[in-house]
file upload-v1.cif (mmCIF, N, CA, C and O atoms)
data_protein
loop_
_atom_site.label_atom_id
_atom_site.label_comp_id
_atom_site.auth_asym_id
_atom_site.auth_seq_id
_atom_site.Cartn_x
_atom_site.Cartn_y
_atom_site.Cartn_z
N HIS A 262 -5.32 -2.10 18.08
CA HIS A 262 -5.21 -3.54 18.08
C HIS A 262 -5.54 -4.15 16.73
O HIS A 262 -5.02 -5.20 16.38
N TYR A 263 -6.46 -3.49 16.01
CA TYR A 263 -6.81 -4.01 14.69
C TYR A 263 -5.62 -3.95 13.74
O TYR A 263 -5.42 -4.86 12.94
N THR A 264 -4.84 -2.90 13.86
CA THR A 264 -3.66 -2.77 13.00
C THR A 264 -2.68 -3.91 13.27
O THR A 264 -2.07 -4.43 12.35
N CYS A 265 -2.58 -4.31 14.52
CA CYS A 265 -1.71 -5.45 14.85
C CYS A 265 -2.22 -6.73 14.21
O CYS A 265 -1.43 -7.54 13.69
N MET A 266 -3.53 -6.92 14.20
CA MET A 266 -4.12 -8.10 13.57
C MET A 266 -3.88 -8.07 12.06
O MET A 266 -3.56 -9.09 11.45
N VAL A 267 -4.03 -6.89 11.46
CA VAL A 267 -3.76 -6.74 10.02
C VAL A 267 -2.31 -7.10 9.74
O VAL A 267 -2.01 -7.83 8.79
N ASP A 268 -1.41 -6.63 10.58
CA ASP A 268 0.01 -6.93 10.40
C ASP A 268 0.28 -8.43 10.54
O ASP A 268 1.04 -9.00 9.74
N LEU A 269 -0.35 -9.07 11.50
CA LEU A 269 -0.16 -10.51 11.69
C LEU A 269 -0.68 -11.30 10.47
O LEU A 269 0.00 -12.19 9.97
N PHE A 270 -1.89 -10.96 10.02
CA PHE A 270 -2.42 -11.62 8.83
C PHE A 270 -1.48 -11.40 7.64
O PHE A 270 -1.19 -12.33 6.88
N SER A 271 -1.02 -10.18 7.48
CA SER A 271 -0.17 -9.82 6.35
C SER A 271 1.14 -10.59 6.37
O SER A 271 1.57 -11.14 5.35
N ARG A 272 1.78 -10.64 7.52
CA ARG A 272 3.06 -11.35 7.64
C ARG A 272 2.92 -12.85 7.40
O ARG A 272 3.85 -13.50 6.95
N ALA A 273 1.72 -13.37 7.71
CA ALA A 273 1.46 -14.80 7.51
C ALA A 273 1.04 -15.11 6.07
O ALA A 273 0.81 -16.26 5.74
N GLY A 274 0.94 -14.07 5.25
CA GLY A 274 0.55 -14.28 3.85
C GLY A 274 -0.94 -14.34 3.65
O GLY A 274 -1.41 -14.63 2.55
N CYS A 275 -1.71 -14.05 4.67
CA CYS A 275 -3.18 -14.06 4.58
C CYS A 275 -3.66 -12.66 4.19
O CYS A 275 -4.32 -11.95 4.96
N LEU A 276 -3.31 -12.26 2.98
CA LEU A 276 -3.55 -10.89 2.55
C LEU A 276 -5.03 -10.57 2.40
O LEU A 276 -5.48 -9.48 2.75
N ASN A 277 -5.80 -11.50 1.87
CA ASN A 277 -7.24 -11.25 1.70
C ASN A 277 -7.93 -11.09 3.05
O ASN A 277 -8.81 -10.23 3.20
N GLU A 278 -7.54 -11.88 4.03
CA GLU A 278 -8.10 -11.76 5.37
C GLU A 278 -7.75 -10.41 5.98
O GLU A 278 -8.59 -9.78 6.64
N ALA A 279 -6.54 -9.96 5.75
CA ALA A 279 -6.12 -8.65 6.26
C ALA A 279 -6.95 -7.54 5.62
O ALA A 279 -7.40 -6.61 6.30
N GLU A 280 -7.17 -7.65 4.31
CA GLU A 280 -7.98 -6.63 3.63
C GLU A 280 -9.42 -6.65 4.14
O GLU A 280 -10.01 -5.59 4.38
N GLU A 281 -9.97 -7.83 4.34
CA GLU A 281 -11.34 -7.93 4.86
C GLU A 281 -11.45 -7.29 6.24
O GLU A 281 -12.43 -6.59 6.52
N LEU A 282 -10.46 -7.51 7.08
CA LEU A 282 -10.46 -6.89 8.40
C LEU A 282 -10.41 -5.37 8.29
O LEU A 282 -11.16 -4.67 8.97
N LEU A 283 -9.56 -4.87 7.42
CA LEU A 283 -9.46 -3.42 7.23
C LEU A 283 -10.78 -2.82 6.75
O LEU A 283 -11.12 -1.71 7.11
N GLN A 284 -11.51 -3.56 5.95
CA GLN A 284 -12.77 -3.04 5.41
C GLN A 284 -13.90 -3.06 6.44
O GLN A 284 -14.91 -2.40 6.24
N THR A 285 -13.73 -3.81 7.53
CA THR A 285 -14.78 -3.87 8.55
C THR A 285 -14.59 -2.83 9.64
O THR A 285 -15.49 -2.64 10.46
N ILE A 286 -13.45 -2.18 9.68
CA ILE A 286 -13.16 -1.18 10.70
C ILE A 286 -12.93 0.17 10.03
O ILE A 286 -12.94 0.27 8.81
N GLN A 287 -12.69 1.18 10.83
CA GLN A 287 -12.28 2.47 10.31
C GLN A 287 -10.75 2.47 10.29
O GLN A 287 -10.12 2.87 11.27
N PRO A 288 -10.16 1.97 9.20
CA PRO A 288 -8.71 1.80 9.20
C PRO A 288 -7.97 3.12 9.12
O PRO A 288 -8.47 4.11 8.59
N ASP A 289 -6.78 3.10 9.67
CA ASP A 289 -5.90 4.26 9.55
C ASP A 289 -4.83 3.93 8.51
O ASP A 289 -4.78 2.84 7.96
N ILE A 290 -3.98 4.88 8.27
CA ILE A 290 -2.95 4.73 7.24
C ILE A 290 -1.97 3.61 7.61
O ILE A 290 -1.43 2.95 6.71
N MET A 291 -1.77 3.36 8.89
CA MET A 291 -0.82 2.32 9.31
C MET A 291 -1.29 0.93 8.88
O MET A 291 -0.49 0.11 8.45
N GLY A 292 -2.57 0.67 8.99
CA GLY A 292 -3.10 -0.63 8.58
C GLY A 292 -2.92 -0.86 7.09
O GLY A 292 -2.46 -1.93 6.66
N TRP A 293 -3.27 0.16 6.29
CA TRP A 293 -3.12 0.02 4.83
C TRP A 293 -1.65 -0.07 4.44
O TRP A 293 -1.30 -0.81 3.52
N THR A 294 -0.78 0.65 5.13
CA THR A 294 0.65 0.60 4.82
C THR A 294 1.23 -0.77 5.18
O THR A 294 2.06 -1.31 4.44
N SER A 295 0.78 -1.33 6.27
CA SER A 295 1.22 -2.67 6.66
C SER A 295 0.84 -3.69 5.59
O SER A 295 1.65 -4.53 5.19
N LEU A 296 -0.40 -3.60 5.11
CA LEU A 296 -0.85 -4.52 4.08
C LEU A 296 -0.12 -4.27 2.77
O LEU A 296 0.25 -5.22 2.06
N LEU A 297 0.12 -3.01 2.44
CA LEU A 297 0.86 -2.68 1.21
C LEU A 297 2.28 -3.25 1.27
O LEU A 297 2.79 -3.77 0.27
N THR A 298 2.90 -3.19 2.43
CA THR A 298 4.24 -3.76 2.59
C THR A 298 4.22 -5.27 2.35
O THR A 298 5.11 -5.81 1.68
N ALA A 299 3.19 -5.93 2.84
CA ALA A 299 3.05 -7.37 2.60
C ALA A 299 2.81 -7.66 1.12
O ALA A 299 3.30 -8.66 0.59
N CYS A 300 2.08 -6.79 0.46
CA CYS A 300 1.86 -6.95 -0.98
C CYS A 300 3.19 -6.89 -1.74
O CYS A 300 3.39 -7.63 -2.71
N ARG A 301 4.08 -6.03 -1.30
CA ARG A 301 5.41 -5.99 -1.91
C ARG A 301 6.15 -7.30 -1.66
O ARG A 301 6.75 -7.88 -2.57
N THR A 302 6.08 -7.79 -0.44
CA THR A 302 6.76 -9.04 -0.08
C THR A 302 6.24 -10.22 -0.90
O THR A 302 7.02 -11.03 -1.39
N TYR A 303 4.92 -10.29 -1.06
CA TYR A 303 4.30 -11.43 -1.73
C TYR A 303 4.01 -11.18 -3.21
O TYR A 303 3.48 -12.06 -3.89
N GLY A 304 4.34 -9.99 -3.71
CA GLY A 304 4.18 -9.70 -5.13
C GLY A 304 2.74 -9.58 -5.59
O GLY A 304 2.43 -9.88 -6.74
N ASN A 305 1.86 -9.11 -4.72
CA ASN A 305 0.45 -8.98 -5.06
C ASN A 305 0.18 -7.56 -5.58
O ASN A 305 -0.09 -6.64 -4.81
N VAL A 306 0.22 -7.41 -6.89
CA VAL A 306 0.09 -6.10 -7.52
C VAL A 306 -1.31 -5.54 -7.37
O VAL A 306 -1.49 -4.37 -7.03
N ASP A 307 -2.33 -6.35 -7.62
CA ASP A 307 -3.71 -5.86 -7.59
C ASP A 307 -4.13 -5.37 -6.21
O ASP A 307 -4.68 -4.27 -6.07
N LEU A 308 -3.88 -6.18 -5.21
CA LEU A 308 -4.21 -5.76 -3.85
C LEU A 308 -3.34 -4.58 -3.44
O LEU A 308 -3.82 -3.66 -2.77
N GLY A 309 -2.10 -4.58 -3.87
CA GLY A 309 -1.22 -3.45 -3.58
C GLY A 309 -1.78 -2.15 -4.10
O GLY A 309 -1.75 -1.13 -3.42
N ARG A 310 -2.35 -2.19 -5.29
CA ARG A 310 -2.93 -0.96 -5.87
C ARG A 310 -4.14 -0.50 -5.06
O ARG A 310 -4.33 0.69 -4.84
N ARG A 311 -4.95 -1.45 -4.60
CA ARG A 311 -6.10 -1.06 -3.77
C ARG A 311 -5.64 -0.42 -2.46
O ARG A 311 -6.20 0.59 -2.01
N CYS A 312 -4.60 -0.99 -1.86
CA CYS A 312 -4.04 -0.41 -0.63
C CYS A 312 -3.48 0.98 -0.90
O CYS A 312 -3.72 1.91 -0.12
N PHE A 313 -2.75 1.10 -1.99
CA PHE A 313 -2.16 2.39 -2.35
C PHE A 313 -3.25 3.45 -2.51
O PHE A 313 -3.11 4.57 -2.01
N ASP A 314 -4.34 3.10 -3.18
CA ASP A 314 -5.44 4.05 -3.37
C ASP A 314 -6.01 4.51 -2.03
O ASP A 314 -6.33 5.70 -1.85
N GLN A 315 -6.14 3.59 -1.09
CA GLN A 315 -6.65 3.95 0.24
C GLN A 315 -5.67 4.87 0.97
O GLN A 315 -6.08 5.84 1.62
N ILE A 316 -4.38 4.58 0.86
CA ILE A 316 -3.36 5.40 1.53
C ILE A 316 -3.39 6.83 0.98
O ILE A 316 -3.34 7.80 1.73
N VAL A 317 -3.48 6.94 -0.34
CA VAL A 317 -3.49 8.27 -0.96
C VAL A 317 -4.75 9.04 -0.56
O VAL A 317 -4.69 10.26 -0.36
N GLN A 318 -5.87 8.34 -0.40
CA GLN A 318 -7.09 9.02 0.06
C GLN A 318 -6.92 9.54 1.48
O GLN A 318 -7.38 10.64 1.80
N LEU A 319 -6.25 8.76 2.33
CA LEU A 319 -6.07 9.17 3.72
C LEU A 319 -5.03 10.26 3.89
O LEU A 319 -5.20 11.16 4.70
N ASN A 320 -3.94 10.16 3.12
CA ASN A 320 -2.88 11.16 3.22
C ASN A 320 -2.06 11.19 1.93
O ASN A 320 -1.09 10.44 1.80
N PRO A 321 -2.43 12.06 0.99
CA PRO A 321 -1.72 12.10 -0.29
C PRO A 321 -0.28 12.60 -0.19
O PRO A 321 0.49 12.46 -1.13
N ASN A 322 0.10 13.16 0.95
CA ASN A 322 1.45 13.69 1.10
C ASN A 322 2.42 12.71 1.75
O ASN A 322 3.58 13.03 1.98
N ASP A 323 1.96 11.50 2.06
CA ASP A 323 2.82 10.48 2.69
C ASP A 323 3.56 9.73 1.59
O ASP A 323 2.97 8.99 0.81
N ALA A 324 4.86 9.90 1.55
CA ALA A 324 5.68 9.33 0.47
C ALA A 324 5.79 7.82 0.55
O ALA A 324 6.02 7.17 -0.47
N SER A 325 5.60 7.22 1.72
CA SER A 325 5.85 5.78 1.86
C SER A 325 4.95 4.95 0.95
O SER A 325 5.40 3.96 0.37
N GLY A 326 3.69 5.33 0.81
CA GLY A 326 2.78 4.59 -0.06
C GLY A 326 3.23 4.63 -1.51
O GLY A 326 3.20 3.60 -2.21
N TYR A 327 3.68 5.78 -1.96
CA TYR A 327 4.15 5.93 -3.34
C TYR A 327 5.39 5.06 -3.59
O TYR A 327 5.50 4.40 -4.61
N VAL A 328 6.31 5.10 -2.63
CA VAL A 328 7.55 4.35 -2.77
C VAL A 328 7.26 2.84 -2.80
O VAL A 328 7.79 2.11 -3.65
N LEU A 329 6.42 2.39 -1.88
CA LEU A 329 6.08 0.96 -1.85
C LEU A 329 5.39 0.52 -3.13
O LEU A 329 5.73 -0.53 -3.70
N MET A 330 4.42 1.32 -3.61
CA MET A 330 3.70 0.93 -4.83
C MET A 330 4.63 0.95 -6.04
O MET A 330 4.56 0.07 -6.90
N SER A 331 5.49 1.92 -6.10
CA SER A 331 6.46 1.98 -7.19
C SER A 331 7.37 0.74 -7.17
O SER A 331 7.66 0.15 -8.22
N ASN A 332 7.78 0.33 -5.97
CA ASN A 332 8.61 -0.87 -5.84
C ASN A 332 7.86 -2.13 -6.25
O ASN A 332 8.45 -3.03 -6.86
N ILE A 333 6.59 -2.21 -5.91
CA ILE A 333 5.78 -3.36 -6.32
C ILE A 333 5.72 -3.45 -7.83
O ILE A 333 5.92 -4.52 -8.41
N TYR A 334 5.46 -2.32 -8.48
CA TYR A 334 5.42 -2.31 -9.94
C TYR A 334 6.78 -2.67 -10.53
O TYR A 334 6.88 -3.43 -11.48
N ALA A 335 7.84 -2.11 -9.97
CA ALA A 335 9.19 -2.39 -10.48
C ALA A 335 9.54 -3.87 -10.33
O ALA A 335 10.10 -4.48 -11.25
N ASN A 336 9.19 -4.46 -9.19
CA ASN A 336 9.46 -5.88 -8.98
C ASN A 336 8.69 -6.76 -9.96
O ASN A 336 9.13 -7.86 -10.28
N ALA A 337 7.55 -6.26 -10.44
CA ALA A 337 6.75 -6.99 -11.42
C ALA A 337 7.13 -6.61 -12.85
O ALA A 337 6.44 -6.99 -13.79
N CYS A 338 8.22 -5.85 -13.00
CA CYS A 338 8.69 -5.37 -14.31
C CYS A 338 7.64 -4.53 -15.02
O CYS A 338 7.57 -4.53 -16.25
N MET A 339 6.85 -3.81 -14.25
CA MET A 339 5.84 -2.90 -14.80
C MET A 339 6.41 -1.49 -14.71
O MET A 339 5.96 -0.66 -13.93
N TRP A 340 7.42 -1.25 -15.53
CA TRP A 340 8.21 -0.02 -15.44
C TRP A 340 7.40 1.24 -15.70
O TRP A 340 7.61 2.26 -15.03
N GLU A 341 6.51 1.19 -16.67
CA GLU A 341 5.71 2.38 -16.99
C GLU A 341 4.82 2.76 -15.80
O GLU A 341 4.72 3.93 -15.45
N ASP A 342 4.20 1.75 -15.18
CA ASP A 342 3.37 2.02 -14.01
C ASP A 342 4.20 2.54 -12.85
O ASP A 342 3.76 3.44 -12.12
N ALA A 343 5.39 2.00 -12.66
CA ALA A 343 6.28 2.48 -11.60
C ALA A 343 6.62 3.96 -11.82
O ALA A 343 6.61 4.76 -10.87
N GLY A 344 6.89 4.32 -13.07
CA GLY A 344 7.18 5.71 -13.39
C GLY A 344 6.00 6.62 -13.14
O GLY A 344 6.17 7.75 -12.66
N LYS A 345 4.80 6.14 -13.44
CA LYS A 345 3.60 6.95 -13.20
C LYS A 345 3.41 7.22 -11.71
O LYS A 345 3.01 8.32 -11.32
N ILE A 346 3.69 6.21 -10.88
CA ILE A 346 3.56 6.40 -9.43
C ILE A 346 4.58 7.42 -8.94
O ILE A 346 4.27 8.28 -8.10
N GLU A 347 5.79 7.36 -9.47
CA GLU A 347 6.80 8.35 -9.09
C GLU A 347 6.37 9.75 -9.50
O GLU A 347 6.56 10.72 -8.75
N ASP A 348 5.76 9.88 -10.67
CA ASP A 348 5.25 11.18 -11.12
C ASP A 348 4.14 11.68 -10.20
O ASP A 348 4.09 12.87 -9.86
N LEU A 349 3.24 10.76 -9.80
CA LEU A 349 2.17 11.13 -8.86
C LEU A 349 2.75 11.62 -7.54
O LEU A 349 2.27 12.59 -6.95
N ARG A 350 3.79 10.92 -7.06
CA ARG A 350 4.42 11.31 -5.80
C ARG A 350 4.96 12.72 -5.88
O ARG A 350 4.75 13.54 -4.98
N LYS A 351 5.63 13.03 -6.98
CA LYS A 351 6.20 14.36 -7.14
C LYS A 351 5.12 15.43 -7.24
O LYS A 351 5.24 16.51 -6.66
N CYS A 352 4.05 15.12 -7.97
CA CYS A 352 2.94 16.09 -8.11
C CYS A 352 2.26 16.34 -6.78
O CYS A 352 1.79 17.45 -6.52
N ALA A 353 2.19 15.32 -5.93
CA ALA A 353 1.55 15.46 -4.62
C ALA A 353 2.46 16.16 -3.62
O ALA A 353 2.03 16.53 -2.53
N GLY A 354 3.72 16.33 -3.97
CA GLY A 354 4.67 16.96 -3.05
C GLY A 354 5.07 16.03 -1.92
O GLY A 354 5.45 16.49 -0.84
N ALA A 355 4.98 14.73 -2.17
CA ALA A 355 5.35 13.74 -1.15
C ALA A 355 6.81 13.38 -1.38
O ALA A 355 7.14 12.59 -2.26
N TRP A 356 7.67 13.94 -0.58
CA TRP A 356 9.12 13.74 -0.79
C TRP A 356 9.65 12.65 0.11
O TRP A 356 9.28 12.54 1.27
N LYS A 357 10.55 11.87 -0.45
CA LYS A 357 11.21 10.81 0.33
C LYS A 357 12.20 11.46 1.28
O LYS A 357 12.84 12.45 0.94
N LYS A 358 12.31 10.87 2.46
CA LYS A 358 13.24 11.41 3.47
C LYS A 358 14.45 10.55 3.57
O LYS A 358 14.49 9.43 3.32
#
call {"tool": "encode", "arguments": {"input": "upload-v1.cif", "output": "C-alpha coordinates"}}
result
Amino acid sequence: HYTCMVDLFSRAGCLNEAEELLQTIQPDIMGWTSLLTACRTYGNVDLGRRCFDQIVQLNPNDASGYVLMSNIYANACMWEDAGKIEDLRKCAGAWKK
(Lines of atoms letter the chains of each structure in order from A and count residues from 1; the text may use other names and numbers.)
(Lines give C-alpha, C1' and ligand atoms only; values in the text may rest on other atoms or scores of the structure.)
Protein backbone atom coordinates (compact mmCIF):
# COMPACT_ATOMS: atom_id res chain seq x y z
CA HIS A 1 0.00 0.00 0.00
CA TYR A 2 2.90 2.35 0.66
CA THR A 3 4.08 1.93 -2.90
CA CYS A 4 0.64 3.03 -4.09
CA MET A 5 0.89 6.15 -1.93
CA VAL A 6 4.38 6.86 -3.32
CA ASP A 7 2.97 6.50 -6.83
CA LEU A 8 0.07 8.85 -6.06
CA PHE A 9 2.37 11.50 -4.58
CA SER A 10 4.72 11.11 -7.54
CA ARG A 11 2.02 11.43 -10.18
CA ALA A 12 0.70 14.54 -8.43
CA GLY A 13 4.15 16.13 -8.57
CA CYS A 14 4.67 15.88 -4.81
CA LEU A 15 8.09 14.32 -5.23
CA ASN A 16 9.56 15.40 -1.89
CA GLU A 17 6.58 13.94 -0.04
CA ALA A 18 7.00 10.68 -1.93
CA GLU A 19 10.68 10.55 -1.00
CA GLU A 20 9.89 11.27 2.66
CA LEU A 21 7.37 8.43 2.69
CA LEU A 22 9.90 6.05 1.16
CA GLN A 23 12.43 6.98 3.82
CA THR A 24 10.01 6.18 6.66
CA ILE A 25 9.29 2.63 5.49
CA GLN A 26 11.33 -0.31 4.27
CA PRO A 27 10.91 0.54 0.59
CA ASP A 28 11.20 -1.95 -2.19
CA ILE A 29 12.53 -1.38 -5.68
CA MET A 30 9.01 -0.63 -6.99
CA GLY A 31 8.63 2.43 -4.79
CA TRP A 32 11.98 3.89 -5.82
CA THR A 33 11.31 3.08 -9.49
CA SER A 34 7.93 4.81 -9.30
CA LEU A 35 9.56 7.92 -7.88
CA LEU A 36 12.39 7.75 -10.42
CA THR A 37 9.81 7.64 -13.22
CA ALA A 38 8.18 10.77 -11.82
CA CYS A 39 11.60 12.43 -11.67
CA ARG A 40 11.92 11.81 -15.39
CA THR A 41 8.46 13.29 -15.97
CA TYR A 42 9.16 16.39 -13.88
CA GLY A 43 12.85 16.75 -14.81
CA ASN A 44 14.17 16.43 -11.26
CA VAL A 45 17.77 15.34 -11.78
CA ASP A 46 18.96 15.51 -8.17
CA LEU A 47 16.14 13.47 -6.69
CA GLY A 48 16.37 11.13 -9.66
CA ARG A 49 19.99 10.40 -8.81
CA ARG A 50 19.10 9.63 -5.19
CA CYS A 51 16.38 7.24 -6.38
CA PHE A 52 18.77 5.64 -8.84
CA ASP A 53 21.34 5.06 -6.09
CA GLN A 54 18.70 3.33 -3.95
CA ILE A 55 17.58 1.14 -6.87
CA VAL A 56 21.15 0.06 -7.62
CA GLN A 57 21.67 -0.81 -3.94
CA LEU A 58 18.55 -2.97 -3.95
CA ASN A 59 19.17 -4.65 -7.30
CA PRO A 60 22.18 -3.67 -9.42
CA ASN A 61 21.08 -6.03 -12.21
CA ASP A 62 17.73 -4.29 -12.86
CA ALA A 63 18.13 -2.38 -16.12
CA SER A 64 15.08 -0.15 -15.65
CA GLY A 65 16.79 2.14 -13.14
CA TYR A 66 19.78 2.65 -15.43
CA VAL A 67 17.58 3.39 -18.43
CA LEU A 68 15.41 5.86 -16.52
CA MET A 69 18.42 7.69 -15.04
CA SER A 70 20.14 7.83 -18.40
CA ASN A 71 16.96 9.32 -19.89
CA ILE A 72 16.77 11.92 -17.12
CA TYR A 73 20.33 12.99 -17.82
CA ALA A 74 19.72 13.03 -21.59
CA ASN A 75 16.58 15.14 -21.18
CA ALA A 76 18.66 17.60 -19.16
CA CYS A 77 21.33 17.61 -21.92
CA MET A 78 23.80 16.04 -19.49
CA TRP A 79 25.23 13.75 -22.15
CA GLU A 80 28.42 12.78 -20.34
CA ASP A 81 26.46 11.69 -17.26
CA ALA A 82 24.00 9.76 -19.44
CA GLY A 83 26.92 7.93 -21.03
CA LYS A 84 28.38 7.09 -17.62
CA ILE A 85 25.07 5.54 -16.53
CA GLU A 86 24.99 3.44 -19.69
CA ASP A 87 28.54 2.28 -18.96
CA LEU A 88 27.51 1.38 -15.39
CA ARG A 89 24.56 -0.59 -16.74
CA LYS A 90 26.80 -2.60 -19.03
CA CYS A 91 29.36 -3.26 -16.28
CA ALA A 92 26.59 -4.47 -13.97
CA GLY A 93 25.31 -6.83 -16.65
CA ALA A 94 21.88 -5.20 -16.56
CA TRP A 95 20.60 -5.71 -20.08
CA LYS A 96 17.58 -4.02 -21.58
CA LYS A 97 14.84 -6.38 -22.73
call {"tool": "residues_around", "arguments": {"input": "upload-v1.cif", "residues": "Cys265 (chain A)", "least_positions_apart": "4", "cutoff": "8 Å", "atoms": "all atoms listed in the file", "output": "list in words"}}
result
Leu269, Phe270, Ser271, Arg272, Met291 and Gly292 of chain A
call {"tool": "resolve_selection", "arguments": {"input": "upload-v1.cif", "expression": "the PyMOL selection byres ((chain A and resi 326) around 7)", "output": "PDB file with N, CA, C and O atoms, keeping the file's coordinate frame"}}
result
ATOM      1  N   THR A 294      -0.780   0.650   5.130  1.00  0.00           N
ATOM      2  CA  THR A 294       0.650   0.600   4.820  1.00  0.00           C
ATOM      3  C   THR A 294       1.230  -0.770   5.180  1.00  0.00           C
ATOM      4  O   THR A 294       2.060  -1.310   4.440  1.00  0.00           O
ATOM      5  N   GLY A 309      -2.100  -4.580  -3.870  1.00  0.00           N
ATOM      6  CA  GLY A 309      -1.220  -3.450  -3.580  1.00  0.00           C
ATOM      7  C   GLY A 309      -1.780  -2.150  -4.100  1.00  0.00           C
ATOM      8  O   GLY A 309      -1.750  -1.130  -3.420  1.00  0.00           O
ATOM      9  N   PHE A 313      -2.750   1.100  -1.990  1.00  0.00           N
ATOM     10  CA  PHE A 313      -2.160   2.390  -2.350  1.00  0.00           C
ATOM     11  C   PHE A 313      -3.250   3.450  -2.510  1.00  0.00           C
ATOM     12  O   PHE A 313      -3.110   4.570  -2.010  1.00  0.00           O
ATOM     13  N   ILE A 316      -4.380   4.580   0.860  1.00  0.00           N
ATOM     14  CA  ILE A 316      -3.360   5.400   1.530  1.00  0.00           C
ATOM     15  C   ILE A 316      -3.390   6.830   0.980  1.00  0.00           C
ATOM     16  O   ILE A 316      -3.340   7.800   1.730  1.00  0.00           O
ATOM     17  N   VAL A 317      -3.480   6.940  -0.340  1.00  0.00           N
ATOM     18  CA  VAL A 317      -3.490   8.270  -0.960  1.00  0.00           C
ATOM     19  C   VAL A 317      -4.750   9.040  -0.560  1.00  0.00           C
ATOM     20  O   VAL A 317      -4.690  10.260  -0.360  1.00  0.00           O
ATOM     21  N   ASP A 323       1.960  11.500   2.060  1.00  0.00           N
ATOM     22  CA  ASP A 323       2.820  10.480   2.690  1.00  0.00           C
ATOM     23  C   ASP A 323       3.560   9.730   1.590  1.00  0.00           C
ATOM     24  O   ASP A 323       2.970   8.990   0.810  1.00  0.00           O
ATOM     25  N   ALA A 324       4.860   9.900   1.550  1.00  0.00           N
ATOM     26  CA  ALA A 324       5.680   9.330   0.470  1.00  0.00           C
ATOM     27  C   ALA A 324       5.790   7.820   0.550  1.00  0.00           C
ATOM     28  O   ALA A 324       6.020   7.170  -0.470  1.00  0.00           O
ATOM     29  N   SER A 325       5.600   7.220   1.720  1.00  0.00           N
ATOM     30  CA  SER A 325       5.850   5.780   1.860  1.00  0.00           C
ATOM     31  C   SER A 325       4.950   4.950   0.950  1.00  0.00           C
ATOM     32  O   SER A 325       5.400   3.960   0.370  1.00  0.00           O
ATOM     33  N   TYR A 327       3.680   5.780  -1.960  1.00  0.00           N
ATOM     34  CA  TYR A 327       4.150   5.930  -3.340  1.00  0.00           C
ATOM     35  C   TYR A 327       5.390   5.060  -3.590  1.00  0.00           C
ATOM     36  O   TYR A 327       5.500   4.400  -4.610  1.00  0.00           O
ATOM     37  N   VAL A 328       6.310   5.100  -2.630  1.00  0.00           N
ATOM     38  CA  VAL A 328       7.550   4.350  -2.770  1.00  0.00           C
ATOM     39  C   VAL A 328       7.260   2.840  -2.800  1.00  0.00           C
ATOM     40  O   VAL A 328       7.790   2.110  -3.650  1.00  0.00           O
ATOM     41  N   LEU A 329       6.420   2.390  -1.880  1.00  0.00           N
ATOM     42  CA  LEU A 329       6.080   0.960  -1.850  1.00  0.00           C
ATOM     43  C   LEU A 329       5.390   0.520  -3.130  1.00  0.00           C
ATOM     44  O   LEU A 329       5.730  -0.530  -3.700  1.00  0.00           O
ATOM     45  N   MET A 330       4.420   1.320  -3.610  1.00  0.00           N
ATOM     46  CA  MET A 330       3.700   0.930  -4.830  1.00  0.00           C
ATOM     47  C   MET A 330       4.630   0.950  -6.040  1.00  0.00           C
ATOM     48  O   MET A 330       4.560   0.070  -6.900  1.00  0.00           O
ATOM     49  N   SER A 331       5.490   1.920  -6.100  1.00  0.00           N
ATOM     50  CA  SER A 331       6.460   1.980  -7.190  1.00  0.00           C
ATOM     51  C   SER A 331       7.370   0.740  -7.170  1.00  0.00           C
ATOM     52  O   SER A 331       7.660   0.150  -8.220  1.00  0.00           O
ATOM     53  N   ASN A 332       7.780   0.330  -5.970  1.00  0.00           N
ATOM     54  CA  ASN A 332       8.610  -0.870  -5.840  1.00  0.00           C
ATOM     55  C   ASN A 332       7.860  -2.130  -6.250  1.00  0.00           C
ATOM     56  O   ASN A 332       8.450  -3.030  -6.860  1.00  0.00           O
TER      57      ASN A 332
END
call {"tool": "closest_residue", "arguments": {"input": "upload-v1.cif", "among": "A:Ala353, A:Ala343, A:Leu276, A:Cys338", "to": "Leu308 (chain A)", "atoms": "only C-alpha atoms"}}
result
A:Leu276
call {"tool": "atom_distance", "arguments": {"input": "upload-v1.cif", "atom1": "CA of Asp307 (chain A)", "atom2": "atom O of Ser295 (chain A)"}}
result
13.9 Å
call {"tool": "atom_distance", "arguments": {"input": "upload-v1.cif", "atom1": "atom O of Glu280 (chain A)", "atom2": "atom N of Tyr334 (chain A)"}}
result
20.4 Å
call {"tool": "closest_residue", "arguments": {"input": "upload-v1.cif", "among": "A:Glu278, A:Leu283, A:Ala273, A:Asn336", "to": "Ala299 (chain A)", "atoms": "only N, CA, C and O atoms"}}
result
A:Ala273
call {"tool": "closest_residue", "arguments": {"input": "upload-v1.cif", "among": "A:Ala335, A:Cys312, A:Leu296, A:Ile286", "to": "Gly274 (chain A)", "atoms": "only C-alpha atoms"}}
result
A:Leu296
call {"tool": "atom_distance", "arguments": {"input": "upload-v1.cif", "atom1": "CA of Ile290 (chain A)", "atom2": "CA of Glu341 (chain A)"}}
result
25.8 Å
call {"tool": "select_by_dssp", "arguments": {"input": "upload-v1.cif", "residues": "chain A", "states": "helix (DSSP H, G or I)", "output": "JSON, numbers by chain"}}
result
{"A": [263, 264, 265, 266, 267, 268, 269, 270, 271, 272, 276, 277, 278, 279, 280, 281, 282, 283, 284, 285, 290, 291, 292, 293, 294, 295, 296, 297, 298, 299, 300, 301, 302, 303, 306, 307, 308, 309, 310, 311, 312, 313, 314, 315, 316, 317, 318, 319, 324, 325, 326, 327, 328, 329, 330, 331, 332, 333, 334, 335, 336, 340, 341, 342, 343, 344, 345, 346, 347, 348, 349, 350, 351, 352, 353]}
call {"tool": "closest_residue", "arguments": {"input": "upload-v1.cif", "among": "A:Met339, A:Ile346, A:Ala279, A:Tyr303", "to": "Met266 (chain A)", "atoms": "only N, CA, C and O atoms"}}
result
A:Ala279
call {"tool": "axis_aligned_box", "arguments": {"input": "upload-v1.cif", "around": "region 301-305 of chain A", "padding_each_side": "3 Å", "output": "JSON"}}
result
{"center_x": 3.5, "center_y": -9.0, "center_z": -3.4, "size_x": 13.1, "size_y": 12.1, "size_z": 12.7}
call {"tool": "closest_residue", "arguments": {"input": "upload-v1.cif", "among": "A:Pro321, A:Leu282, A:Thr264, A:Asp342", "to": "Gly354 (chain A)", "atoms": "all atoms listed in the file"}}
result
A:Pro321
